[in-house]
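A.B. asks: Structure in structure tokens, see below.
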Amino acid sequence: SVLSRYENQITILSDYLEEFPETDEPVWILGRQHHLNTDKSKLLLDISARLWFTYRRKFSPIGGTGPSSDAGWGCMLRCGQMMLAQALICRHLGRDWQWEKHKKQPEEYHRILRCFLDRKDCCYSIHQMAQMGVGEGKSIGEWFGPNTVAQVLKKLALFDEWNSLAVYVSMDNTVVIEDIKKMCWSPAQSSGVAHSSAHLHRSALGQNRNTAGLCPGWKPLLLIIPLRLGINHINPVYIDAFKECFKMPQSLGALGGKPNNAYYFIGFLGNELIYLDPHTTQSFVDSEENGTVDDESFHCQQAPHRMKIMNLDPSVALGFFCKEECDFDNWCSLVQKEILKQQSLRMFELVQKHPPHWPPFIPPTKPEVTTTGAELIESTDKLFEMEEEFEILSV
């Protein structure tokens, strides 16, 4: 009955959202600055261009017998999808790409969107994420925290050769430059290992895998930094540094919200955070025969939500995308200048060398399996076998 109540709960954003206030203060959205008094329309277009993932209903049951809707429990998974989707948009289309209603979009856009459709054969679907979460100690239908969704994305990305992302999730509030460069410059995998997930990508993306992802060179970096910015409430000392992260050109925003209510934060105005809210239940959408997706429900076309920063739960995860090594080097410089300038209570640490007391860093690689990634995680037994392989590789 609780799930049914959530499934029937449709949130109409325009019913209770106030317009942006009249102010001369700039609005920052994922590394871009907007001014309300001169380019409000550009601001709203920038926000609506972000892929918006919400609760869905009437998709095929997860695991064959599980829930057919994620209403009431999947909000953090949807927020993780939104952050990852923004990384893929930056990777293939660029940060300044814009979406317009009824306008024809490039094939890369539809291919990105197909990665997230609510089907078990789509590489970042709610099905894949929920089942991979079992290995993180989360039952299907259980709410995720920011760190859990980050770990799930890191593992699923190993099966995604088209996007070919290196996903680094920081430990102990520490980002290690040496480890990231080792991971992003790691040699291409052999074709024999790569073959293990080829079928997953053909079925999930509707095309043969793109072998460009196997070329040597810098792998585009998705950097996720899980943080605890206080005990029960966010510590005010972190607010300025937290806001600075949204100004960086590499910004993918932040995952967080309130207890059991996750939001995808994409920017700020003054001391208010701007976010996309997944708590709207929509019907399942599948791709068309020609591979395109009816995408109108994947873009929030109303004014976005805002909340005071001090109301934020202290458990968050920051996201950044660095397509090239120079982007990462620039990010490191910005962190040194803007985040680490405060000597006390730093939000996180950025260090050059791998800490000697940590276990050696080994870049994660895809498990050598003879089945597809989609089939692999349909079995709980196989999932735990794969989890053990991942644990070995991550040590």
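Lettering and numbering for the structure tokens are positional, with chains as A, B, ... in the shown order, residues counted from 1 in each chain, and ligands counted from 1 in the shown order.
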Write out as a list in words which residues come within 9 Å of Ile62 of chain A when counting only C-alpha atoms, dropping same-chain ones fewer than 2 positions away.

C.D. replies: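 Here the qualifying residues turn out to be Phe59, Ser60, Gly64, Thr65, Gly66, Pro67, Ser68, Ser69, Arg119, Lys120, Ile126, His127, Gln128, Ala130, Gln131, Ile140 and Glu378 of chain A.
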
A.B. asks: Identify all residues of segment 125-353 of chain A in strand (DSSP E) (DSSP on the backbone) and supply them as a ChimeraX atom specification.

C.D. replies: /A:166-169,174-176,221-228,251-258,261-269,272-276,281-283,305-308,315-322,349-351

A.B. asks: At most 6 Å is the cut-off: for each residue in segment 208-264 of chain A with any atom that close to an atom of segment 316-335 of chain A, write down the nearest atom pair and the distance in Å rounded to one decimal, counting only C-alpha atoms, chain first then increasing number, as a Markdown table.

C.D. replies:
| residue | atom | partner | partner_atom | distance |
| --- | --- | --- | --- | --- |
| A:Pro220 | CA | A:Lys323 | CA | 4.4 |
| A:Leu221 | CA | A:Cys322 | CA | 5.0 |
| A:Leu222 | CA | A:Phe321 | CA | 4.8 |
| A:Leu223 | CA | A:Phe320 | CA | 5.1 |
| A:Ile224 | CA | A:Gly319 | CA | 4.6 |
| A:Ile225 | CA | A:Leu318 | CA | 5.0 |
| A:Pro226 | CA | A:Ala317 | CA | 4.0 |
| A:Leu227 | CA | A:Val316 | CA | 5.4 |
| A:Gln250 | CA | A:Phe321 | CA | 5.1 |
| A:Ser251 | CA | A:Phe320 | CA | 4.7 |
| A:Leu252 | CA | A:Gly319 | CA | 4.8 |
| A:Gly253 | CA | A:Gly319 | CA | 5.6 |
| A:Ala254 | CA | A:Leu318 | CA | 4.4 |
| A:Leu255 | CA | A:Ala317 | CA | 5.1 |
| A:Gly256 | CA | A:Val316 | CA | 4.6 |

A.B. asks: Using C-alpha atoms, can you export the residues from the last selection as a PDB file, in the first residue's frame?

C.D. replies:
ATOM      1  CA  PRO A 220      37.990  10.503 -19.239  1.00  0.00           C
ATOM      2  CA  LEU A 221      37.719  10.790 -15.471  1.00  0.00           C
ATOM      3  CA  LEU A 222      34.576  10.747 -13.356  1.00  0.00           C
ATOM      4  CA  LEU A 223      35.756  11.803  -9.903  1.00  0.00           C
ATOM      5  CA  ILE A 224      33.352  11.310  -6.989  1.00  0.00           C
ATOM      6  CA  ILE A 225      34.238  12.537  -3.498  1.00  0.00           C
ATOM      7  CA  PRO A 226      31.919  11.261  -0.722  1.00  0.00           C
ATOM      8  CA  LEU A 227      32.052  13.594   2.278  1.00  0.00           C
ATOM      9  CA  GLN A 250      34.742  20.415 -14.147  1.00  0.00           C
ATOM     10  CA  SER A 251      31.716  20.444 -11.799  1.00  0.00           C
ATOM     11  CA  LEU A 252      29.112  17.700 -11.983  1.00  0.00           C
ATOM     12  CA  GLY A 253      27.302  19.022  -8.931  1.00  0.00           C
ATOM     13  CA  ALA A 254      26.615  17.003  -5.799  1.00  0.00           C
ATOM     14  CA  LEU A 255      24.496  14.140  -4.516  1.00  0.00           C
ATOM     15  CA  GLY A 256      22.772  14.638  -1.192  1.00  0.00           C
TER      16      GLY A 256
END

A.B. asks: Here is a test: counting only C-alpha atoms, which residue of A:Met183, A:Leu113, A:Met76, A:Leu276 is nearest to Glu142 of chain A?

C.D. replies: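 Smallest separation from Glu142 of chain A among the options: A:Met76.
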
A.B. asks: Do a neighbour search on segment 296-303 of chain A at 6 Å with only C-alpha atoms, toss out local chain neighbours closer than 4 positions, and write the hits as a list in words.

C.D. replies: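 Using only C-alpha atoms, the neighbours found are Ser48, Leu51 and Trp52 of chain A.
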
A.B. asks: What does the file look like for those residues with C-alpha atoms, as a PDB file, in the first residue's frame?

C.D. replies:
ATOM      1  CA  SER A  48      16.368  22.158 -18.624  1.00  0.00           C
ATOM      2  CA  LEU A  51      18.992  14.950 -18.105  1.00  0.00           C
ATOM      3  CA  TRP A  52      16.352  14.559 -15.398  1.00  0.00           C
TER       4      TRP A  52
END

A.B. asks: Tell me which of A:Leu312, A:Leu117, A:Cys79, A:Ile47 sits closest to Val285 of chain A, counting only C-alpha atoms.

C.D. replies: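 Counting only C-alpha atoms, the residue closest to Val285 of chain A is A:Leu117.
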
A.B. asks: Find the spatial neighbours of His279 of chain A, counting only C-alpha atoms, within a cut-off of 8 Å - ignore same-chain residues fewer than 5 positions away - and output them as a PDB file with N, CA and C atoms, in the first residue's frame.

C.D. replies:
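Wrote selection10.pdb, looks like this:
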ATOM      1  N   THR A  11       4.217  14.757  -8.551  1.00  0.00           N
ATOM      2  CA  THR A  11       4.573  16.080  -8.076  1.00  0.00           C
ATOM      3  C   THR A  11       4.522  17.071  -9.231  1.00  0.00           C
ATOM      4  N   THR A  54      13.706  10.495 -12.878  1.00  0.00           N
ATOM      5  CA  THR A  54      12.760  10.473 -11.762  1.00  0.00           C
ATOM      6  C   THR A  54      12.303   9.045 -11.503  1.00  0.00           C
ATOM      7  N   TYR A  55      11.515   8.900 -10.452  1.00  0.00           N
ATOM      8  CA  TYR A  55      10.827   7.627 -10.250  1.00  0.00           C
ATOM      9  C   TYR A  55      10.079   7.244 -11.536  1.00  0.00           C
ATOM     10  N   ALA A  71       9.477   4.012  -7.066  1.00  0.00           N
ATOM     11  CA  ALA A  71       8.892   5.088  -6.269  1.00  0.00           C
ATOM     12  C   ALA A  71       9.042   4.785  -4.784  1.00  0.00           C
ATOM     13  N   CYS A  75      15.336   7.246  -5.176  1.00  0.00           N
ATOM     14  CA  CYS A  75      15.705   8.633  -5.466  1.00  0.00           C
ATOM     15  C   CYS A  75      17.223   8.839  -5.559  1.00  0.00           C
TER      16      CYS A  75
END

A.B. asks: What separation in Å, quoted to one decimal, exists between atom CA of Gln86 of chain A and atom CA of Val152 of chain A?

C.D. replies: 16.8 Å

A.B. asks: Among segment 116-325 of chain A, which residues carry a DSSP assignment of alpha helix (DSSP H), reported as an MDAnalysis selection string?

C.D. replies: chainID A and resid 126:134 146:156 177:184 191:194 198:205 239:247 325

A.B. asks: So, with only C-alpha atoms as the atoms that count, which of A:Arg78, A:Lys103, A:Lys219, A:His110 lies closest to Ala150 of chain A?

C.D. replies: A:Arg78

A.B. asks: Any idea what's packed within 12 Å of Trp358 of chain A, counting only C-alpha atoms, ignoring anything in its chain fewer than 4 positions away? Could you give it as a list of chain:residue names?

C.D. replies: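 Skipping anything fewer than 4 positions along the chain leaves A:Met171, A:Asp172, A:Thr174, A:Val176, A:Asp179, A:Lys353, A:His354, A:Ile362, A:Ser394, A:Val395.
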
A.B. asks: Neighbouring residues of Asp96 of chain A were defined as those with any atom within 10 Å, considering only C-alpha atoms; residues of the same chain fewer than 2 positions away were excluded. Please report them as a ChimeraX atom specification.

C.D. replies: /A:32,46,49,89-90,93-94,98-99

A.B. asks: Rounded to one decimal, what separation in Å do you get between atom CA of Gln336 of chain A and atom CA of Val167 of chain A?

C.D. replies: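 Spanning atom CA of Gln336 of chain A to atom CA of Val167 of chain A is a straight-line distance of 21.6 Å.
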
A.B. asks: Restricting the calculation to only C-alpha atoms: of A:His233, A:Lys308, A:Arg114, A:Lys42, which residue gets closest to Glu288 of chain A?

C.D. replies: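 Looking only at the distances to Glu288 of chain A, the closest residue turns out to be A:Arg114.
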
A.B. asks: Just how far from atom CA of Phe20 of chain A is atom CA of His305 of chain A, in Å to one decimal?

C.D. replies: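 These two atoms are separated by 9.8 Å.
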
A.B. asks: Quick one: everything within 9 Å of Gly270 of chain A, counting only C-alpha atoms, minus sequence neighbours fewer than 3 positions away in the same chain. Send it as a VMD selection string.

C.D. replies: chain A and resid 25 to 27 273

A.B. asks: Okay, now the selection with all heavy atoms, as a compact mmCIF listing (two decimals), in the first residue's frame?

C.D. replies:
# COMPACT_ATOMS: atom_id res chain seq x y z
N GLU A 25 22.85 39.08 -7.61
CA GLU A 25 23.80 38.00 -7.34
C GLU A 25 23.83 37.02 -8.51
O GLU A 25 22.79 36.70 -9.09
CB GLU A 25 23.43 37.25 -6.06
CG GLU A 25 23.73 37.98 -4.77
CD GLU A 25 23.60 37.05 -3.58
OE1 GLU A 25 24.60 36.38 -3.23
OE2 GLU A 25 22.50 36.98 -3.00
N PRO A 26 25.02 36.52 -8.86
CA PRO A 26 25.09 35.54 -9.95
C PRO A 26 24.55 34.18 -9.53
O PRO A 26 24.58 33.82 -8.35
CB PRO A 26 26.59 35.47 -10.25
CG PRO A 26 27.25 35.82 -8.94
CD PRO A 26 26.35 36.83 -8.30
N VAL A 27 24.06 33.46 -10.50
CA VAL A 27 23.65 32.08 -10.31
C VAL A 27 24.71 31.19 -10.96
O VAL A 27 25.09 31.41 -12.11
CB VAL A 27 22.28 31.80 -10.96
CG1 VAL A 27 21.88 30.34 -10.74
CG2 VAL A 27 21.22 32.73 -10.39
N LEU A 273 20.82 26.37 -2.48
CA LEU A 273 21.25 25.40 -3.47
C LEU A 273 20.13 25.18 -4.49
O LEU A 273 18.95 25.22 -4.15
CB LEU A 273 21.60 24.07 -2.81
CG LEU A 273 22.79 24.08 -1.86
CD1 LEU A 273 22.88 22.75 -1.11
CD2 LEU A 273 24.09 24.35 -2.61
